[in-house]
file upload-v5.cif (mmCIF, C-alpha atoms)
data_structure
#
loop_
_atom_site.label_atom_id
_atom_site.label_comp_id
_atom_site.auth_asym_id
_atom_site.auth_seq_id
_atom_site.Cartn_x
_atom_site.Cartn_y
_atom_site.Cartn_z
CA MET V 12 88.86 126.49 86.34
CA GLN V 13 89.34 123.15 88.00
CA PHE V 14 93.01 122.34 88.19
CA SER V 15 95.09 125.29 87.04
CA SER V 16 97.02 122.94 84.76
CA GLU V 17 95.82 121.82 81.37
CA SER V 18 97.92 118.64 81.53
CA VAL V 19 96.19 117.61 84.73
CA GLU V 20 92.79 118.40 83.21
CA THR V 21 93.65 116.22 80.22
CA LEU V 22 94.61 113.34 82.50
CA VAL V 23 91.36 113.70 84.47
CA GLU V 24 89.53 113.60 81.13
CA GLN V 25 91.40 110.42 80.15
CA PHE V 26 90.77 108.67 83.46
CA SER V 27 87.07 109.47 83.38
CA ARG V 28 86.77 107.62 80.05
CA LEU V 29 87.48 104.35 81.85
CA PRO V 30 84.41 102.30 82.79
CA GLY V 31 83.14 102.92 86.31
CA ILE V 32 85.41 105.92 86.83
CA GLY V 33 83.49 109.16 87.33
CA ARG V 34 84.89 112.69 87.38
CA LYS V 35 85.46 112.65 91.14
CA THR V 36 87.42 109.40 91.08
CA ALA V 37 89.31 110.61 88.00
CA ARG V 38 90.37 113.73 89.90
CA ARG V 39 91.52 111.61 92.84
CA LEU V 40 93.53 109.35 90.52
CA ALA V 41 95.12 112.36 88.80
CA ALA V 42 96.06 113.83 92.20
CA PHE V 43 97.65 110.47 93.06
CA VAL V 44 99.62 110.40 89.80
CA LEU V 45 100.87 113.94 90.52
CA LYS V 46 102.41 112.68 93.76
CA GLN V 47 103.95 109.53 92.26
CA PRO V 48 107.62 109.40 91.25
CA LYS V 49 108.04 109.94 87.53
CA SER V 50 109.50 106.47 86.97
CA ASP V 51 106.33 104.82 88.31
CA VAL V 52 104.13 106.89 86.03
CA VAL V 53 106.30 106.13 83.01
CA GLU V 54 106.03 102.43 83.89
CA MET V 55 102.25 102.67 83.84
CA ALA V 56 102.24 104.53 80.53
CA GLU V 57 104.53 101.88 79.06
CA ALA V 58 102.28 99.08 80.33
CA LEU V 59 99.34 100.72 78.56
CA ILE V 60 101.19 100.96 75.27
CA ALA V 61 102.70 97.46 75.61
CA VAL V 62 99.20 95.99 75.88
CA LYS V 63 98.28 97.48 72.53
CA GLU V 64 101.59 96.69 70.87
CA LYS V 65 102.35 93.21 72.19
CA VAL V 66 99.02 91.62 72.89
CA ILE V 67 97.61 89.60 70.04
CA PHE V 68 94.72 87.21 69.79
CA CYS V 69 95.43 83.51 69.63
CA SER V 70 94.54 82.37 66.09
CA THR V 71 92.97 79.19 67.45
CA CYS V 72 90.93 80.19 70.50
CA PHE V 73 91.02 84.03 70.22
CA ASN V 74 92.23 84.39 73.77
CA VAL V 75 94.52 87.38 74.45
CA ALA V 76 98.18 86.37 74.48
CA ASP V 77 101.68 87.62 73.87
CA HIS V 78 102.41 84.83 71.40
CA ASP V 79 100.38 82.79 68.93
CA PRO V 80 99.23 80.13 69.77
CA CYS V 81 98.42 81.06 73.37
CA PRO V 82 99.81 78.98 76.28
CA VAL V 83 96.47 77.18 76.74
CA CYS V 84 96.28 76.07 73.10
CA LEU V 85 99.97 75.14 73.15
CA SER V 86 99.74 73.03 76.30
CA ASP V 87 99.57 69.28 75.64
CA ARG V 88 98.53 68.64 79.24
CA ARG V 89 95.11 70.07 78.47
CA ASP V 90 92.35 68.02 76.90
CA GLY V 91 91.65 69.32 73.41
CA GLY V 92 88.54 67.14 73.28
CA VAL V 93 86.59 69.58 75.45
CA ILE V 94 86.13 73.19 74.39
CA CYS V 95 84.76 75.76 76.83
CA VAL V 96 83.13 78.62 74.89
CA VAL V 97 83.20 82.02 76.64
CA GLU V 98 82.14 85.51 75.60
CA GLU V 99 85.26 87.41 76.69
CA ALA V 100 88.87 86.69 77.69
CA SER V 101 87.93 87.89 81.19
CA ASP V 102 85.36 85.06 81.40
CA LEU V 103 88.14 82.63 80.45
CA MET V 104 90.13 83.96 83.40
CA ALA V 105 87.16 83.44 85.68
CA VAL V 106 86.89 79.78 84.62
CA GLU V 107 90.67 79.34 84.95
CA ARG V 108 90.57 80.70 88.49
CA THR V 109 88.30 77.82 89.51
CA GLY V 110 91.16 75.45 88.68
CA GLY V 111 88.52 72.89 87.80
CA PHE V 112 88.74 72.90 84.03
CA SER V 113 91.52 71.27 82.06
CA GLY V 114 90.16 71.48 78.53
CA LYS V 115 90.69 74.17 75.93
CA TYR V 116 88.81 77.41 75.28
CA HIS V 117 87.17 79.43 72.56
CA VAL V 118 86.63 83.17 73.07
CA LEU V 119 83.70 84.50 71.03
CA GLY V 120 84.46 88.18 71.55
CA GLY V 121 80.96 89.00 72.79
CA ALA V 122 77.42 87.72 72.51
CA ILE V 123 74.72 88.07 69.87
CA SER V 124 72.87 91.30 70.62
CA PRO V 125 70.73 92.73 67.82
CA LEU V 126 70.03 95.85 69.92
CA ASP V 127 73.75 96.65 69.97
CA GLY V 128 74.13 95.67 66.32
CA ILE V 129 76.15 92.54 67.16
CA GLY V 130 75.27 89.64 64.89
CA PRO V 131 76.73 86.11 64.69
CA GLU V 132 79.16 87.21 61.96
CA ASP V 133 80.77 89.69 64.42
CA LEU V 134 81.70 86.83 66.74
CA LYS V 135 84.16 83.97 66.31
CA ILE V 136 81.33 81.45 65.85
CA LYS V 137 82.28 80.03 62.45
CA GLU V 138 85.83 79.56 63.76
CA LEU V 139 84.37 77.47 66.60
CA ILE V 140 82.36 75.34 64.20
CA ALA V 141 85.49 74.86 62.10
CA ARG V 142 87.40 73.64 65.16
CA VAL V 143 84.68 71.06 65.82
CA ALA V 144 84.26 70.07 62.15
CA ALA V 145 87.98 69.73 61.41
CA PRO V 146 90.11 69.22 64.51
CA GLY V 147 93.26 68.84 62.36
CA ASP V 148 96.13 67.26 64.32
CA GLY V 149 94.22 67.64 67.60
CA PRO V 150 91.84 65.13 69.17
CA VAL V 151 88.20 64.88 68.09
CA VAL V 152 86.06 67.39 70.00
CA ARG V 153 83.74 65.39 72.26
CA GLU V 154 82.13 68.21 74.19
CA VAL V 155 81.46 71.92 73.79
CA ILE V 156 80.62 73.71 77.06
CA LEU V 157 78.73 76.93 76.41
CA ALA V 158 79.92 79.09 79.33
CA VAL V 159 78.13 82.23 78.17
CA ASN V 160 76.61 84.76 80.54
CA PRO V 161 73.15 84.01 81.99
CA SER V 162 71.55 86.88 80.03
CA VAL V 163 69.22 87.23 77.06
CA GLU V 164 72.26 87.78 74.81
CA GLY V 165 74.07 84.77 76.27
CA ASP V 166 70.98 82.57 75.87
CA THR V 167 70.55 83.67 72.25
CA THR V 168 74.19 82.97 71.49
CA ALA V 169 74.05 79.56 73.16
CA TYR V 170 70.91 78.61 71.22
CA TYR V 171 72.42 79.78 67.93
CA ILE V 172 75.64 77.82 68.47
CA SER V 173 73.84 74.68 69.63
CA GLN V 174 71.82 74.73 66.38
CA LEU V 175 74.98 74.98 64.31
CA LEU V 176 76.59 72.15 66.28
CA ALA V 177 73.57 69.84 65.95
CA PRO V 178 74.85 68.06 62.78
CA PHE V 179 78.09 67.07 64.52
CA GLU V 180 78.65 64.22 66.91
CA VAL V 181 79.51 66.44 69.83
CA GLN V 182 77.90 66.86 73.21
CA VAL V 183 76.80 70.46 73.82
CA THR V 184 76.41 71.49 77.47
CA ARG V 185 75.73 74.69 79.41
CA LEU V 186 76.78 75.85 82.87
CA ALA V 187 74.33 74.86 85.61
CA ARG V 188 72.04 77.61 86.88
CA GLY V 189 70.83 77.83 90.43
CA ILE V 190 71.38 79.48 93.75
CA PRO V 191 74.94 80.80 94.08
CA ILE V 192 77.05 79.32 96.89
CA GLY V 193 77.00 81.45 100.04
CA SER V 194 73.81 83.25 99.11
CA ASP V 195 70.61 83.48 101.12
CA LEU V 196 67.35 81.99 99.84
CA GLU V 197 65.47 84.96 101.29
CA PHE V 198 67.40 87.42 99.13
CA THR V 199 67.67 85.35 95.95
CA ASP V 200 65.86 86.94 93.01
CA GLU V 201 62.74 85.24 91.64
CA ALA V 202 64.25 84.32 88.27
CA THR V 203 67.18 82.50 89.88
CA LEU V 204 64.96 80.76 92.42
CA THR V 205 62.53 79.66 89.69
CA ARG V 206 65.42 78.18 87.71
CA ALA V 207 66.82 76.49 90.79
CA LEU V 208 63.43 74.89 91.50
CA GLU V 209 63.01 73.74 87.90
CA ALA V 210 66.50 72.27 87.82
CA ARG V 211 66.23 70.57 91.22
CA VAL V 212 68.25 67.39 91.62
CA SER V 213 67.66 64.30 93.75
CA VAL V 214 69.96 63.82 96.72
CA MET L 14 97.64 81.82 85.20
CA GLN L 15 95.22 84.68 85.06
CA PHE L 16 95.41 86.32 81.66
CA SER L 17 97.60 84.29 79.34
CA SER L 18 99.45 87.46 78.41
CA GLU L 19 102.20 88.96 80.53
CA SER L 20 101.56 92.43 79.12
CA VAL L 21 97.97 92.30 80.29
CA GLU L 22 99.08 91.04 83.72
CA THR L 23 101.52 93.94 83.98
CA LEU L 24 98.78 96.41 83.15
CA VAL L 25 96.46 94.86 85.76
CA GLU L 26 99.32 95.20 88.26
CA GLN L 27 99.76 98.86 87.32
CA PHE L 28 96.07 99.67 87.56
CA SER L 29 95.74 98.01 90.96
CA ARG L 30 98.41 100.38 92.34
CA LEU L 31 95.97 103.26 91.92
CA PRO L 32 94.10 104.26 95.07
CA GLY L 33 90.67 102.67 95.41
CA ILE L 34 91.29 100.24 92.52
CA GLY L 35 91.32 96.61 93.60
CA ARG L 36 92.38 93.62 91.51
CA LYS L 37 88.89 93.01 90.18
CA THR L 38 88.43 96.58 88.98
CA ALA L 39 91.98 96.55 87.59
CA ARG L 40 91.11 93.47 85.53
CA ARG L 41 87.97 95.15 84.25
CA LEU L 42 89.94 98.26 83.29
CA ALA L 43 92.59 96.16 81.52
CA ALA L 44 89.88 94.31 79.59
CA PHE L 45 88.47 97.71 78.57
CA VAL L 46 91.88 98.93 77.41
CA LEU L 47 92.27 95.74 75.32
CA LYS L 48 89.12 96.65 73.43
CA GLN L 49 90.00 100.34 72.92
CA PRO L 50 91.52 101.56 69.66
CA LYS L 51 95.28 101.94 69.95
CA SER L 52 95.17 105.72 69.38
CA ASP L 53 92.98 106.19 72.47
CA VAL L 54 95.32 104.16 74.62
CA VAL L 55 98.35 106.04 73.35
CA GLU L 56 96.54 109.30 74.19
CA MET L 57 96.05 108.13 77.75
CA ALA L 58 99.69 107.04 78.08
CA GLU L 59 100.79 110.43 76.75
CA ALA L 60 98.52 112.26 79.20
CA LEU L 61 100.16 110.34 82.06
CA ILE L 62 103.65 111.25 80.95
CA ALA L 63 102.69 114.86 80.16
CA VAL L 64 101.52 115.33 83.73
CA LYS L 65 104.94 114.36 85.05
CA GLU L 66 106.83 116.29 82.38
CA LYS L 67 104.86 119.51 82.10
CA VAL L 68 103.26 120.03 85.46
CA ILE L 69 105.28 122.17 87.84
CA PHE L 70 104.48 123.72 91.17
CA CYS L 71 103.87 127.46 91.31
CA SER L 72 106.84 128.97 93.16
CA THR L 73 104.52 131.31 95.06
CA CYS L 74 101.53 129.23 96.14
CA PHE L 75 102.74 125.66 95.26
CA ASN L 76 99.59 124.95 93.29
CA VAL L 77 100.03 122.58 90.33
CA ALA L 78 100.33 124.48 87.05
CA ASP L 79 101.76 124.32 83.56
CA HIS L 80 103.54 127.65 84.00
CA ASP L 81 105.10 129.51 86.90
CA PRO L 82 103.49 131.56 88.41
CA CYS L 83 100.16 129.78 88.21
CA PRO L 84 97.08 131.50 86.73
CA VAL L 85 95.68 132.25 90.20
CA CYS L 86 98.85 134.00 91.39
CA LEU L 87 99.14 135.81 88.05
CA SER L 88 95.59 137.14 88.09
CA ASP L 89 95.31 140.78 89.20
CA ARG L 90 91.55 140.40 89.57
CA ARG L 91 92.08 138.33 92.70
CA ASP L 92 92.69 139.85 96.12
CA GLY L 93 96.25 139.14 97.21
CA GLY L 94 95.36 140.42 100.69
CA VAL L 95 93.55 137.19 101.56
CA ILE L 96 95.37 133.83 101.43
CA CYS L 97 93.43 130.58 101.67
CA VAL L 98 95.73 127.83 103.00
CA VAL L 99 94.88 124.29 101.84
CA GLU L 100 96.56 120.92 102.29
CA GLU L 101 96.44 119.74 98.68
CA ALA L 102 95.86 121.14 95.21
CA SER L 103 92.67 119.08 95.12
CA ASP L 104 91.39 121.06 98.13
CA LEU L 105 92.14 124.25 96.22
CA MET L 106 89.95 122.94 93.41
CA ALA L 107 87.18 122.22 95.89
CA VAL L 108 87.26 125.81 97.16
CA GLU L 109 87.44 127.15 93.59
CA ARG L 110 84.34 125.15 92.64
CA THR L 111 82.31 127.09 95.23
CA GLY L 112 83.00 130.23 93.18
CA GLY L 113 82.81 132.14 96.48
CA PHE L 114 86.48 132.93 97.02
CA SER L 115 88.38 135.57 95.12
CA GLY L 116 91.62 135.70 97.10
CA LYS L 117 94.84 133.79 96.55
CA TYR L 118 95.94 130.37 97.78
CA HIS L 119 98.79 128.56 99.47
CA VAL L 120 99.12 124.79 99.07
CA LEU L 121 100.95 123.16 102.00
CA GLY L 122 101.44 119.78 100.34
CA GLY L 123 99.92 117.87 103.25
CA ALA L 124 99.31 118.21 106.97
CA ILE L 125 101.51 117.70 110.03
CA SER L 126 101.30 114.01 110.92
CA PRO L 127 104.00 112.64 113.24
CA LEU L 128 102.64 109.11 112.79
CA ASP L 129 103.34 109.31 109.05
CA GLY L 130 106.65 111.05 109.66
CA ILE L 131 105.42 114.35 108.22
CA GLY L 132 106.76 117.32 110.18
CA PRO L 133 106.34 121.09 109.59
CA GLU L 134 109.57 121.20 107.60
CA ASP L 135 108.07 118.80 105.03
CA LEU L 136 105.30 121.29 104.27
CA LYS L 137 105.40 124.70 102.64
CA ILE L 138 104.83 126.45 105.98
CA LYS L 139 107.88 128.70 106.09
CA GLU L 140 107.06 129.81 102.54
CA LEU L 141 103.60 130.83 103.78
CA ILE L 142 105.08 132.81 106.68
CA ALA L 143 107.46 134.47 104.22
CA ARG L 144 104.54 135.53 102.03
CA VAL L 145 102.85 137.15 105.05
CA ALA L 146 106.07 138.70 106.41
CA ALA L 147 107.28 140.13 103.11
CA PRO L 148 104.51 140.53 100.55
CA GLY L 149 106.96 142.14 98.05
CA ASP L 150 105.13 144.01 95.28
CA GLY L 151 101.79 142.54 96.34
CA PRO L 152 99.31 143.97 98.81
CA VAL L 153 99.72 143.49 102.57
CA VAL L 154 98.17 140.18 103.65
CA ARG L 155 95.17 141.04 105.84
CA GLU L 156 93.75 137.57 106.37
CA VAL L 157 94.92 133.96 106.29
CA ILE L 158 92.09 131.41 106.01
CA LEU L 159 93.19 127.98 107.25
CA ALA L 160 91.10 125.71 105.03
CA VAL L 161 92.68 122.49 106.32
CA ASN L 162 90.77 119.23 106.74
CA PRO L 163 88.68 118.76 109.89
CA SER L 164 91.01 116.01 111.19
CA VAL L 165 93.59 115.68 113.96
CA GLU L 166 96.34 116.37 111.40
CA GLY L 167 94.49 119.39 110.03
CA ASP L 168 93.89 120.75 113.53
CA THR L 169 97.55 120.32 114.46
CA THR L 170 98.67 122.05 111.28
CA ALA L 171 96.23 124.92 111.81
CA TYR L 172 97.38 125.40 115.41
CA TYR L 173 101.04 125.33 114.40
CA ILE L 174 100.55 127.88 111.64
CA SER L 175 98.42 130.17 113.81
CA GLN L 176 101.23 130.26 116.41
CA LEU L 177 103.76 131.23 113.76
CA LEU L 178 101.46 133.93 112.42
CA ALA L 179 100.73 135.42 115.87
CA PRO L 180 103.55 138.04 115.70
CA PHE L 181 102.14 139.47 112.46
CA GLU L 182 99.24 141.87 112.06
CA VAL L 183 97.12 139.41 110.14
CA GLN L 184 93.72 137.94 110.90
CA VAL L 185 93.84 134.13 111.04
CA THR L 186 90.53 132.35 110.43
CA ARG L 187 89.33 128.78 109.96
CA LEU L 188 86.45 127.28 108.01
CA ALA L 189 83.22 127.04 110.00
CA ARG L 190 82.32 123.62 111.33
CA GLY L 191 78.79 122.39 111.76
CA ILE L 192 76.09 120.32 110.19
CA PRO L 193 76.61 119.92 106.44
CA ILE L 194 73.87 121.31 104.18
CA GLY L 195 71.35 118.68 103.14
CA SER L 196 72.22 116.32 105.99
CA ASP L 197 69.87 114.91 108.60
CA LEU L 198 70.25 115.73 112.32
CA GLU L 199 69.31 112.16 113.17
CA PHE L 200 72.24 110.74 111.23
CA THR L 201 74.83 113.40 112.05
CA ASP L 202 77.76 111.98 114.03
CA GLU L 203 78.22 113.10 117.64
CA ALA L 204 81.46 115.01 117.07
CA THR L 205 79.90 117.14 114.34
CA LEU L 206 76.73 117.74 116.32
CA THR L 207 78.71 118.71 119.45
CA ARG L 208 80.71 121.22 117.39
CA ALA L 209 77.56 122.56 115.79
CA LEU L 210 76.00 123.10 119.24
CA GLU L 211 79.11 124.80 120.61
CA ALA L 212 79.35 127.07 117.59
CA ARG L 213 75.62 127.93 117.53
CA VAL L 214 74.79 131.38 116.18
CA SER L 215 71.91 133.73 117.02
CA VAL L 216 69.29 134.17 114.34
#

call {"tool": "encode", "arguments": {"input": "upload-v5.cif", "output": "structure tokens"}}
result
Amino acid sequence: MQFSSESVETLVEQFSRLPGIGRKTARRLAAFVLKQPKSDVVEMAEALIAVKEKVIFCSTCFNVADHDPCPVCLSDRRDGGVICVVEEASDLMAVERTGGFSGKYHVLGGAISPLDGIGPEDLKIKELIARVAAPGDGPVVREVILAVNPSVEGDTTAYYISQLLAPFEVQVTRLARGIPIGSDLEFTDEATLTRALEARVSV
Amino acid sequence: MQFSSESVETLVEQFSRLPGIGRKTARRLAAFVLKQPKSDVVEMAEALIAVKEKVIFCSTCFNVADHDPCPVCLSDRRDGGVICVVEEASDLMAVERTGGFSGKYHVLGGAISPLDGIGPEDLKIKELIARVAAPGDGPVVREVILAVNPSVEGDTTAYYISQLLAPFEVQVTRLARGIPIGSDLEFTDEATLTRALEARVSV
């Protein structure tokens, strides 16, 4: 016996399915929920269901949104001539938080990873190519920024996409790699430092 | 804008209300939920609501349970003559996990903490005294183990209860304090080490 209530056990089970939540944390969360007023808990349950019922994917950029097209695609104050390609909607958020990008996005839904059985056809790659090939009413796409993760999977995906984009008159760029701001040279890993050396710029 | 979906924002908000979950983790959890099949998410929402709808507090020991009395109070294989007093149901679980206690429990629902506005009347203290004073059909209570937390609040609560139990013919005990198993003398804090010295035992 852990908790003497099956309902609580079930909730612990559910919490521990979340990423990064172990059994101990799950028990702490369940104990917290037990102490919360019912209305608060119902609110949380409703938020969970609403996400699955209301959230759709934008048919243009595949960002998560409540309506199609998403606010970013709909906005005419953003430059449709530059598309920032990200792996996940959470990466899009990260770029948005910088406040330094005013183009549009394209969410791939992951990265090519043969080990995990994810091939190019599982991602929204052909939809990206279509956006570049036939911009429709929008402006001609001048630049595609490949803002994929600095990993083997991200590199593979970037290479694959850049090959597909080669026939088009579009500039393909990647995020700069180097030492992160606020870090310490002494504690920077070798791979990052090597890249930073290779990509050194004149001052 | 963070996520371009209000539903996702609401869920992030809800997750970040949980203890120990910051905004970053909440975003990661929301992104996970977005990728989960709807049936799994509905299951989790139902588990949350079930906890508030089904879980009651045992009218004897105030443990969380699906039925009243709780399985521990109902069991006749447990010694009703020994009551282990804990602050929270999660502490009860911790004691149960040792497998070394076969008596019954009493969950106070917290500890006396004037700073947080929690007085003795907010806890199930008089119910505990009543159990000792009038055991009803059950056996006479021979021992009350105060398994409260080793904190100022726990100490206060233990002292308060022991005073109330003084008129009764019942042994009142506390958990032993000392160096935790597997720890290192060098890194043990002074308060613990002082207690361990004071409470030294002959071998």

call {"tool": "resolve_selection", "arguments": {"input": "upload-v5.cif", "expression": "the PyMOL selection byres ((chain L) within 8 of (chain V))", "output": "PyMOL selection string"}}
result
chain L and resi 14-21+23-24+27-28+31-32+40-42+44-47+51+54-65+67-68+76-79+83-85+102-103+106+109-110

call {"tool": "residues_around", "arguments": {"input": "upload-v5.cif", "residues": "V:His117", "least_positions_apart": "2", "cutoff": "10 Å", "atoms": "all atoms listed in the file", "output": "ChimeraX atom specification"}}
result
/V:69,71-74,84,94-100,103,115,119-120,135-136,138-139,142,155-158

call {"tool": "write_last_selection", "arguments": {"input": "upload-v5.cif", "atoms": "C-alpha atoms", "output": "mmCIF file, in the coordinates of the input"}}
result
data_model
loop_
_atom_site.group_PDB
_atom_site.id
_atom_site.type_symbol
_atom_site.label_atom_id
_atom_site.label_comp_id
_atom_site.auth_asym_id
_atom_site.auth_seq_id
_atom_site.Cartn_x
_atom_site.Cartn_y
_atom_site.Cartn_z
ATOM 1 C CA CYS V 69 95.430 83.510 69.630
ATOM 2 C CA THR V 71 92.970 79.190 67.450
ATOM 3 C CA CYS V 72 90.930 80.190 70.500
ATOM 4 C CA PHE V 73 91.020 84.030 70.220
ATOM 5 C CA ASN V 74 92.230 84.390 73.770
ATOM 6 C CA CYS V 84 96.280 76.070 73.100
ATOM 7 C CA ILE V 94 86.130 73.190 74.390
ATOM 8 C CA CYS V 95 84.760 75.760 76.830
ATOM 9 C CA VAL V 96 83.130 78.620 74.890
ATOM 10 C CA VAL V 97 83.200 82.020 76.640
ATOM 11 C CA GLU V 98 82.140 85.510 75.600
ATOM 12 C CA GLU V 99 85.260 87.410 76.690
ATOM 13 C CA ALA V 100 88.870 86.690 77.690
ATOM 14 C CA LEU V 103 88.140 82.630 80.450
ATOM 15 C CA LYS V 115 90.690 74.170 75.930
ATOM 16 C CA LEU V 119 83.700 84.500 71.030
ATOM 17 C CA GLY V 120 84.460 88.180 71.550
ATOM 18 C CA LYS V 135 84.160 83.970 66.310
ATOM 19 C CA ILE V 136 81.330 81.450 65.850
ATOM 20 C CA GLU V 138 85.830 79.560 63.760
ATOM 21 C CA LEU V 139 84.370 77.470 66.600
ATOM 22 C CA ARG V 142 87.400 73.640 65.160
ATOM 23 C CA VAL V 155 81.460 71.920 73.790
ATOM 24 C CA ILE V 156 80.620 73.710 77.060
ATOM 25 C CA LEU V 157 78.730 76.930 76.410
ATOM 26 C CA ALA V 158 79.920 79.090 79.330
#

call {"tool": "residues_around", "arguments": {"input": "upload-v5.cif", "residues": "stretch 171-183 of chain V", "least_positions_apart": "2", "cutoff": "8 Å", "atoms": "all atoms listed in the file", "output": "mmCIF file with C-alpha atoms, keeping the file's coordinate frame"}}
result
data_model
loop_
_atom_site.group_PDB
_atom_site.id
_atom_site.type_symbol
_atom_site.label_atom_id
_atom_site.label_comp_id
_atom_site.auth_asym_id
_atom_site.auth_seq_id
_atom_site.Cartn_x
_atom_site.Cartn_y
_atom_site.Cartn_z
ATOM 1 C CA ILE V 136 81.330 81.450 65.850
ATOM 2 C CA ILE V 140 82.360 75.340 64.200
ATOM 3 C CA VAL V 143 84.680 71.060 65.820
ATOM 4 C CA ALA V 144 84.260 70.070 62.150
ATOM 5 C CA VAL V 152 86.060 67.390 70.000
ATOM 6 C CA ARG V 153 83.740 65.390 72.260
ATOM 7 C CA GLU V 154 82.130 68.210 74.190
ATOM 8 C CA VAL V 155 81.460 71.920 73.790
ATOM 9 C CA ILE V 156 80.620 73.710 77.060
ATOM 10 C CA LEU V 157 78.730 76.930 76.410
ATOM 11 C CA THR V 167 70.550 83.670 72.250
ATOM 12 C CA THR V 168 74.190 82.970 71.490
ATOM 13 C CA ALA V 169 74.050 79.560 73.160
ATOM 14 C CA ARG V 185 75.730 74.690 79.410
#

call {"tool": "atom_distance", "arguments": {"input": "upload-v5.cif", "atom1": "atom CA of V:Asn160", "atom2": "atom CA of V:Leu186"}}
result
9.2 Å
